[in-house]
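J.: What follows is model-v2.cif, mmCIF, C-alpha atoms.
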data_structure
#
loop_
_atom_site.group_PDB
_atom_site.id
_atom_site.type_symbol
_atom_site.label_atom_id
_atom_site.label_comp_id
_atom_site.auth_asym_id
_atom_site.auth_seq_id
_atom_site.Cartn_x
_atom_site.Cartn_y
_atom_site.Cartn_z
ATOM 1 C CA MET L 12 -5.922 -41.198 24.832
ATOM 2 C CA GLU L 13 -9.410 -41.368 23.341
ATOM 3 C CA GLY L 14 -11.014 -40.130 26.570
ATOM 4 C CA LEU L 15 -8.656 -37.147 26.816
ATOM 5 C CA TYR L 16 -9.240 -36.349 23.136
ATOM 6 C CA GLN L 17 -13.026 -36.384 23.612
ATOM 7 C CA HIS L 18 -12.745 -34.240 26.757
ATOM 8 C CA THR L 19 -10.490 -31.728 24.990
ATOM 9 C CA ASN L 20 -12.765 -31.631 21.962
ATOM 10 C CA LYS L 21 -15.726 -30.950 24.267
ATOM 11 C CA GLN L 22 -13.778 -28.107 25.895
ATOM 12 C CA VAL L 23 -13.069 -26.605 22.458
ATOM 13 C CA HIS L 24 -16.797 -26.568 21.695
ATOM 14 C CA GLU L 25 -17.520 -25.008 25.091
ATOM 15 C CA VAL L 26 -14.987 -22.248 24.379
ATOM 16 C CA GLN L 27 -16.672 -21.639 21.023
ATOM 17 C CA SER L 28 -20.007 -21.181 22.786
ATOM 18 C CA TYR L 29 -18.329 -18.862 25.316
ATOM 19 C CA MET L 30 -17.011 -16.796 22.405
ATOM 20 C CA GLY L 31 -20.620 -16.293 21.298
ATOM 21 C CA ARG L 32 -21.527 -15.207 24.812
ATOM 22 C CA LEU L 33 -18.568 -12.830 24.846
ATOM 23 C CA GLU L 34 -20.119 -10.779 22.024
ATOM 24 C CA THR L 35 -23.389 -10.324 23.943
ATOM 25 C CA SER L 36 -22.022 -9.755 27.450
ATOM 26 C CA ASP L 37 -22.201 -6.339 29.080
ATOM 27 C CA LYS L 38 -19.190 -4.166 29.880
ATOM 28 C CA GLU L 39 -18.920 -5.261 33.513
ATOM 29 C CA SER L 40 -18.890 -9.012 32.892
ATOM 30 C CA VAL L 41 -16.835 -9.032 29.691
ATOM 31 C CA HIS L 42 -13.585 -9.272 31.659
ATOM 32 C CA LEU L 43 -14.868 -12.272 33.610
ATOM 33 C CA VAL L 44 -15.891 -14.063 30.428
ATOM 34 C CA GLU L 45 -12.547 -13.254 28.797
ATOM 35 C CA ASN L 46 -10.664 -14.627 31.796
ATOM 36 C CA GLU L 47 -12.810 -17.768 31.783
ATOM 37 C CA ILE L 48 -12.160 -18.300 28.067
ATOM 38 C CA GLN L 49 -8.415 -17.740 28.500
ATOM 39 C CA ALA L 50 -8.282 -20.208 31.398
ATOM 40 C CA ARG L 51 -10.107 -22.823 29.336
ATOM 41 C CA ILE L 52 -7.795 -22.240 26.356
ATOM 42 C CA ASP L 53 -4.752 -22.670 28.612
ATOM 43 C CA ASN L 54 -6.257 -25.900 29.949
ATOM 44 C CA ILE L 55 -6.860 -27.109 26.389
ATOM 45 C CA PHE L 56 -3.238 -26.348 25.457
ATOM 46 C CA SER L 57 -1.987 -28.418 28.400
ATOM 47 C CA ASN L 58 -4.301 -31.263 27.323
ATOM 48 C CA LEU L 59 -2.951 -30.966 23.781
ATOM 49 C CA GLU L 60 0.620 -31.328 25.030
ATOM 50 C CA ARG L 61 -0.372 -34.530 26.827
ATOM 51 C CA LEU L 62 -2.237 -35.703 23.722
ATOM 52 C CA GLU L 63 0.870 -35.155 21.584
ATOM 53 C CA ILE L 64 2.895 -37.321 23.955
ATOM 54 C CA LEU L 65 0.192 -39.987 23.997
ATOM 55 C CA SER L 66 -0.184 -39.918 20.213
ATOM 56 C CA SER L 67 3.511 -40.633 19.780
ATOM 57 C CA LYS L 68 3.035 -43.719 21.982
ATOM 58 C CA GLU L 69 0.192 -45.075 19.833
ATOM 59 C CA PRO L 70 0.772 -48.177 17.685
ATOM 60 C CA PRO L 71 2.236 -47.306 14.250
ATOM 61 C CA ASN L 72 -0.994 -48.039 12.368
ATOM 62 C CA LYS L 73 -2.982 -45.562 14.551
ATOM 63 C CA ARG L 74 -0.224 -43.000 15.142
ATOM 64 C CA GLN L 75 -0.747 -40.979 11.926
ATOM 65 C CA ASN L 76 -4.497 -40.664 12.519
ATOM 66 C CA ALA L 77 -3.988 -39.718 16.175
ATOM 67 C CA LYS L 78 -1.449 -37.024 15.297
ATOM 68 C CA LEU L 79 -3.772 -35.670 12.620
ATOM 69 C CA ARG L 80 -6.639 -35.395 15.117
ATOM 70 C CA VAL L 81 -4.398 -33.662 17.681
ATOM 71 C CA ASP L 82 -3.113 -31.247 15.028
ATOM 72 C CA GLN L 83 -6.688 -30.424 14.032
ATOM 73 C CA LEU L 84 -7.567 -29.666 17.658
ATOM 74 C CA LYS L 85 -4.441 -27.536 17.982
ATOM 75 C CA TYR L 86 -5.403 -25.623 14.844
ATOM 76 C CA ASP L 87 -8.924 -25.007 16.206
ATOM 77 C CA VAL L 88 -7.588 -23.797 19.548
ATOM 78 C CA GLN L 89 -5.131 -21.444 17.864
ATOM 79 C CA HIS L 90 -8.019 -19.926 15.929
ATOM 80 C CA LEU L 91 -9.979 -19.511 19.141
ATOM 81 C CA GLN L 92 -6.970 -17.824 20.752
ATOM 82 C CA THR L 93 -6.655 -15.474 17.774
ATOM 83 C CA ALA L 94 -10.372 -14.686 17.878
ATOM 84 C CA LEU L 95 -10.104 -13.854 21.580
ATOM 85 C CA ARG L 96 -7.126 -11.564 20.945
ATOM 86 C CA ASN L 97 -8.988 -9.829 18.107
ATOM 87 C CA PHE L 98 -12.010 -9.292 20.337
ATOM 88 C CA GLN L 99 -9.828 -7.886 23.125
ATOM 89 C CA HIS L 100 -8.086 -5.578 20.647
ATOM 90 C CA ARG L 101 -11.409 -4.295 19.263
ATOM 91 C CA ARG L 102 -12.728 -3.773 22.795
ATOM 92 C CA TYR L 103 -9.566 -1.893 23.758
ATOM 93 C CA LEU L 104 -9.850 0.357 20.688
ATOM 94 C CA ARG L 105 -13.538 0.979 21.391
ATOM 95 C CA GLU L 106 -12.808 1.907 25.032
ATOM 96 C CA GLN L 107 -9.964 4.174 23.942
ATOM 97 C CA GLN L 108 -12.236 5.934 21.436
ATOM 98 C CA GLU L 109 -14.883 6.413 24.133
ATOM 99 C CA ARG L 110 -12.295 7.912 26.495
ATOM 100 C CA GLN L 111 -11.046 10.272 23.783
ATOM 101 C CA ARG L 112 -14.612 11.276 22.943
ATOM 102 C CA GLU L 113 -15.363 12.009 26.602
ATOM 103 C CA GLU L 114 -12.175 14.067 26.881
ATOM 104 C CA LEU L 115 -13.150 16.105 23.828
ATOM 105 C CA LEU L 116 -16.665 16.647 25.114
ATOM 106 C CA ALA L 117 -15.341 17.749 28.506
ATOM 107 C CA ARG L 118 -12.876 20.186 26.979
ATOM 108 C CA THR L 119 -14.002 23.799 26.631
ATOM 109 C CA PHE L 120 -12.940 25.733 23.584
ATOM 110 C CA THR L 121 -12.726 29.510 23.907
ATOM 111 C CA THR L 122 -11.481 32.092 21.476
ATOM 112 C CA ASN L 123 -11.620 34.907 24.023
ATOM 113 C CA GLY L 124 -8.691 33.449 25.882
ATOM 114 C CA THR L 125 -6.648 33.380 22.696
ATOM 115 C CA HIS L 126 -7.550 36.972 21.900
ATOM 116 C CA LYS L 127 -6.556 38.034 25.403
ATOM 117 C CA LYS L 128 -3.217 36.221 25.101
ATOM 118 C CA ILE L 129 -2.499 38.000 21.821
ATOM 119 C CA LEU L 130 -3.223 41.347 23.470
ATOM 120 C CA ASP L 131 -0.941 40.442 26.379
ATOM 121 C CA VAL L 132 1.881 39.509 23.998
ATOM 122 C CA ALA L 133 1.418 42.740 22.052
ATOM 123 C CA ASN L 134 1.516 44.762 25.275
ATOM 124 C CA MET L 135 4.708 42.977 26.246
ATOM 125 C CA LEU L 136 6.213 44.002 22.904
ATOM 126 C CA GLY L 137 5.506 47.602 23.742
ATOM 127 C CA LEU L 138 2.523 48.341 21.526
ATOM 128 C CA SER L 139 0.185 50.869 23.064
ATOM 129 C CA ASN L 140 -3.527 50.317 23.502
ATOM 130 C CA THR L 141 -4.227 52.910 20.791
ATOM 131 C CA VAL L 142 -2.167 50.998 18.243
ATOM 132 C CA MET L 143 -3.873 47.772 19.304
ATOM 133 C CA ARG L 144 -7.314 49.329 18.763
ATOM 134 C CA LEU L 145 -6.252 50.577 15.313
ATOM 135 C CA ILE L 146 -5.075 47.076 14.388
ATOM 136 C CA GLU L 147 -8.362 45.548 15.570
ATOM 137 C CA LYS L 148 -10.357 48.181 13.627
ATOM 138 C CA ARG L 149 -8.300 47.510 10.503
ATOM 139 C CA ALA L 150 -8.835 43.732 10.846
ATOM 140 C CA PHE L 151 -12.594 44.335 11.139
ATOM 141 C CA GLN L 152 -12.573 46.527 8.021
ATOM 142 C CA ASP L 153 -10.412 44.031 6.114
ATOM 143 C CA LYS L 154 -12.960 41.310 6.813
ATOM 144 C CA PHE L 155 -15.698 43.337 5.145
ATOM 145 C CA LEU L 156 -13.441 44.174 2.206
ATOM 146 C CA MET L 157 -12.704 40.485 1.730
ATOM 147 C CA LEU L 158 -16.411 39.541 1.862
ATOM 148 C CA GLY L 159 -17.253 42.319 -0.610
ATOM 149 C CA GLY L 160 -14.478 41.212 -2.967
ATOM 150 C CA MET L 161 -15.728 37.627 -2.798
ATOM 151 C CA ALA L 162 -19.264 38.758 -3.609
ATOM 152 C CA VAL L 163 -18.115 40.882 -6.564
ATOM 153 C CA THR L 164 -15.990 37.995 -7.887
ATOM 154 C CA CYS L 165 -18.947 35.608 -7.656
ATOM 155 C CA VAL L 166 -21.187 38.066 -9.512
ATOM 156 C CA ILE L 167 -18.580 38.518 -12.280
ATOM 157 C CA MET L 168 -18.136 34.755 -12.610
ATOM 158 C CA PHE L 169 -21.915 34.296 -12.811
ATOM 159 C CA LEU L 170 -22.242 36.979 -15.490
ATOM 160 C CA VAL L 171 -19.349 35.485 -17.523
ATOM 161 C CA VAL L 172 -20.891 32.031 -17.413
ATOM 162 C CA GLN L 173 -24.358 33.402 -18.166
ATOM 163 C CA TYR L 174 -23.378 35.460 -21.227
ATOM 164 C CA LEU L 175 -20.691 33.218 -22.703
ATOM 165 C CA THR L 176 -22.703 29.996 -22.679
#
What's the structure tokens form of this structure?
T.:
Amino acid sequence: MEGLYQHTNKQVHEVQSYMGRLETSDKESVHLVENEIQARIDNIFSNLERLEILSSKEPPNKRQNAKLRVDQLKYDVQHLQTALRNFQHRRYLREQQERQREELLARTFTTNGTHKKILDVANMLGLSNTVMRLIEKRAFQDKFLMLGGMAVTCVIMFLVVQYLT
């Protein structure tokens, strides 16, 4: 039992060092390192199952200590498993964000297409080109009226604040 415990404990420390290497590995080799870590964790779990069986066969005066040591190893391995899952989740989110960013950068945004679609819909509704031009001219004039009204409002607000304070 002691030999298997020492071997399993050594494997736990190796997995911890692999976890450090996982953070610094490049994108191509990260999957290989993850698979290696997962294989080692699975091997450790199988060793822990054998250690649990062996610890129950220990003499009564050593049994409590043996079970405590096995439980501590199991706790450490569960934390390593959780750390690996967290790393994989963060990597997945990061890759997903990169894909979304690339999709947004590849997308072309045009307003001319929207304007053309609006004109097509209006023509389908039976509005003539003359009416459409009048509407566009009115929208252009309304924009200037709005900007002028905003400027006048700002000037009035400035004068009110200036003379009342």
J.: Under the rule that only C-alpha atoms are counted, which of L:His18, L:His100, L:Arg110, L:His42 is the nearest residue to Leu62 (chain L)?
T.: L:His18
J.: Enter the distance from CA of Leu15 (chain L) to CA of Pro70 (chain L), in Å, rounded to one decimal.
T.: 17.1 Å
J.: At a cut-off of 10 Å, using only C-alpha atoms, what residues contact Val44 (chain L)? Leave out same-chain residues fewer than 5 positions from it and give the result as a PDB file with C-alpha atoms, keeping the file's coordinate frame.
T.:
ATOM      1  CA  TYR L  29     -18.329 -18.862  25.316  1.00  0.00           C
ATOM      2  CA  MET L  30     -17.011 -16.796  22.405  1.00  0.00           C
ATOM      3  CA  ARG L  32     -21.527 -15.207  24.812  1.00  0.00           C
ATOM      4  CA  LEU L  33     -18.568 -12.830  24.846  1.00  0.00           C
ATOM      5  CA  GLU L  34     -20.119 -10.779  22.024  1.00  0.00           C
ATOM      6  CA  SER L  36     -22.022  -9.755  27.450  1.00  0.00           C
ATOM      7  CA  GLU L  39     -18.920  -5.261  33.513  1.00  0.00           C
ATOM      8  CA  GLN L  49      -8.415 -17.740  28.500  1.00  0.00           C
ATOM      9  CA  ALA L  50      -8.282 -20.208  31.398  1.00  0.00           C
TER      10      ALA L  50
END
J.: Identify all residues satisfying the PyMOL selection byres ((chain L and resi 60) around 12) in the given file; provide them as a PyMOL selection string.
T.: chain L and resi 12+15-16+19+53-59+61-67+78+81-82+84-85
J.: What's the separation between CA of Lys38 (chain L) and CA of Leu95 (chain L), in Å to one decimal place?
T.: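 Between these atoms lies a distance of 15.7 Å.
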J.: Determine the residue membership of the PyMOL selection byres ((chain L and resi 23) around 9) for the file above and supply it as a ChimeraX atom specification.
T.: /L:18-22,24-28,51-52,55,84,87-88,91
J.: Quick check, in Å to one decimal: how far apart do CA of Met161 (chain L) and CA of Tyr174 (chain L) lie?
T.: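 Atom-to-atom, CA of Met161 (chain L) and CA of Tyr174 (chain L) are spaced 20.1 Å apart.
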J.: My structure is short of atoms at region 66-84 of chain L; please model N, CA, C and O atoms there, returning them as a CSV table (one decimal), in the frame of the given file.
T.:
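Now in out_32.csv:
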chain,number,residue,atom,x,y,z
L,66,SER,N,-0.1,-39.5,21.6
L,66,SER,CA,-0.2,-39.9,20.2
L,66,SER,C,1.1,-40.5,19.7
L,66,SER,O,1.1,-41.4,18.8
L,67,SER,N,2.2,-40.1,20.2
L,67,SER,CA,3.5,-40.6,19.8
L,67,SER,C,3.7,-42.0,20.3
L,67,SER,O,4.5,-42.8,19.8
L,68,LYS,N,2.9,-42.4,21.4
L,68,LYS,CA,3.0,-43.7,22.0
L,68,LYS,C,2.0,-44.7,21.4
L,68,LYS,O,2.0,-45.8,21.8
L,69,GLU,N,1.2,-44.2,20.5
L,69,GLU,CA,0.2,-45.1,19.8
L,69,GLU,C,0.9,-46.1,18.9
L,69,GLU,O,2.0,-45.9,18.5
L,70,PRO,N,0.2,-47.2,18.6
L,70,PRO,CA,0.8,-48.2,17.7
L,70,PRO,C,1.0,-47.5,16.3
L,70,PRO,O,0.2,-46.6,16.0
L,71,PRO,N,1.9,-48.0,15.5
L,71,PRO,CA,2.2,-47.3,14.2
L,71,PRO,C,1.0,-47.2,13.3
L,71,PRO,O,0.9,-46.2,12.6
L,72,ASN,N,0.1,-48.1,13.3
L,72,ASN,CA,-1.0,-48.0,12.4
L,72,ASN,C,-2.0,-47.0,12.8
L,72,ASN,O,-2.8,-46.5,12.0
L,73,LYS,N,-2.0,-46.6,14.1
L,73,LYS,CA,-3.0,-45.6,14.6
L,73,LYS,C,-2.3,-44.2,14.8
L,73,LYS,O,-3.0,-43.2,15.0
L,74,ARG,N,-1.0,-44.2,14.8
L,74,ARG,CA,-0.2,-43.0,15.1
L,74,ARG,C,-0.5,-41.8,14.2
L,74,ARG,O,-0.7,-40.7,14.7
L,75,GLN,N,-0.5,-42.1,12.9
L,75,GLN,CA,-0.7,-41.0,11.9
L,75,GLN,C,-2.1,-40.3,12.1
L,75,GLN,O,-2.3,-39.1,12.1
L,76,ASN,N,-3.1,-41.2,12.3
L,76,ASN,CA,-4.5,-40.7,12.5
L,76,ASN,C,-4.6,-39.9,13.8
L,76,ASN,O,-5.2,-38.8,13.9
L,77,ALA,N,-4.0,-40.4,14.9
L,77,ALA,CA,-4.0,-39.7,16.2
L,77,ALA,C,-3.3,-38.4,16.1
L,77,ALA,O,-3.8,-37.4,16.6
L,78,LYS,N,-2.2,-38.3,15.4
L,78,LYS,CA,-1.4,-37.0,15.3
L,78,LYS,C,-2.3,-36.0,14.5
L,78,LYS,O,-2.3,-34.8,14.8
L,79,LEU,N,-2.9,-36.5,13.4
L,79,LEU,CA,-3.8,-35.7,12.6
L,79,LEU,C,-4.9,-35.1,13.4
L,79,LEU,O,-5.2,-33.9,13.3
L,80,ARG,N,-5.5,-35.9,14.3
L,80,ARG,CA,-6.6,-35.4,15.1
L,80,ARG,C,-6.1,-34.4,16.1
L,80,ARG,O,-6.8,-33.3,16.4
L,81,VAL,N,-5.0,-34.6,16.7
L,81,VAL,CA,-4.4,-33.7,17.7
L,81,VAL,C,-4.0,-32.4,17.0
L,81,VAL,O,-4.3,-31.3,17.5
L,82,ASP,N,-3.5,-32.5,15.8
L,82,ASP,CA,-3.1,-31.2,15.0
L,82,ASP,C,-4.4,-30.4,14.7
L,82,ASP,O,-4.3,-29.2,14.7
L,83,GLN,N,-5.4,-31.1,14.3
L,83,GLN,CA,-6.7,-30.4,14.0
L,83,GLN,C,-7.2,-29.7,15.3
L,83,GLN,O,-7.6,-28.5,15.2
L,84,LEU,N,-7.1,-30.3,16.4
L,84,LEU,CA,-7.6,-29.7,17.7
L,84,LEU,C,-6.7,-28.5,17.9
L,84,LEU,O,-7.2,-27.4,18.3
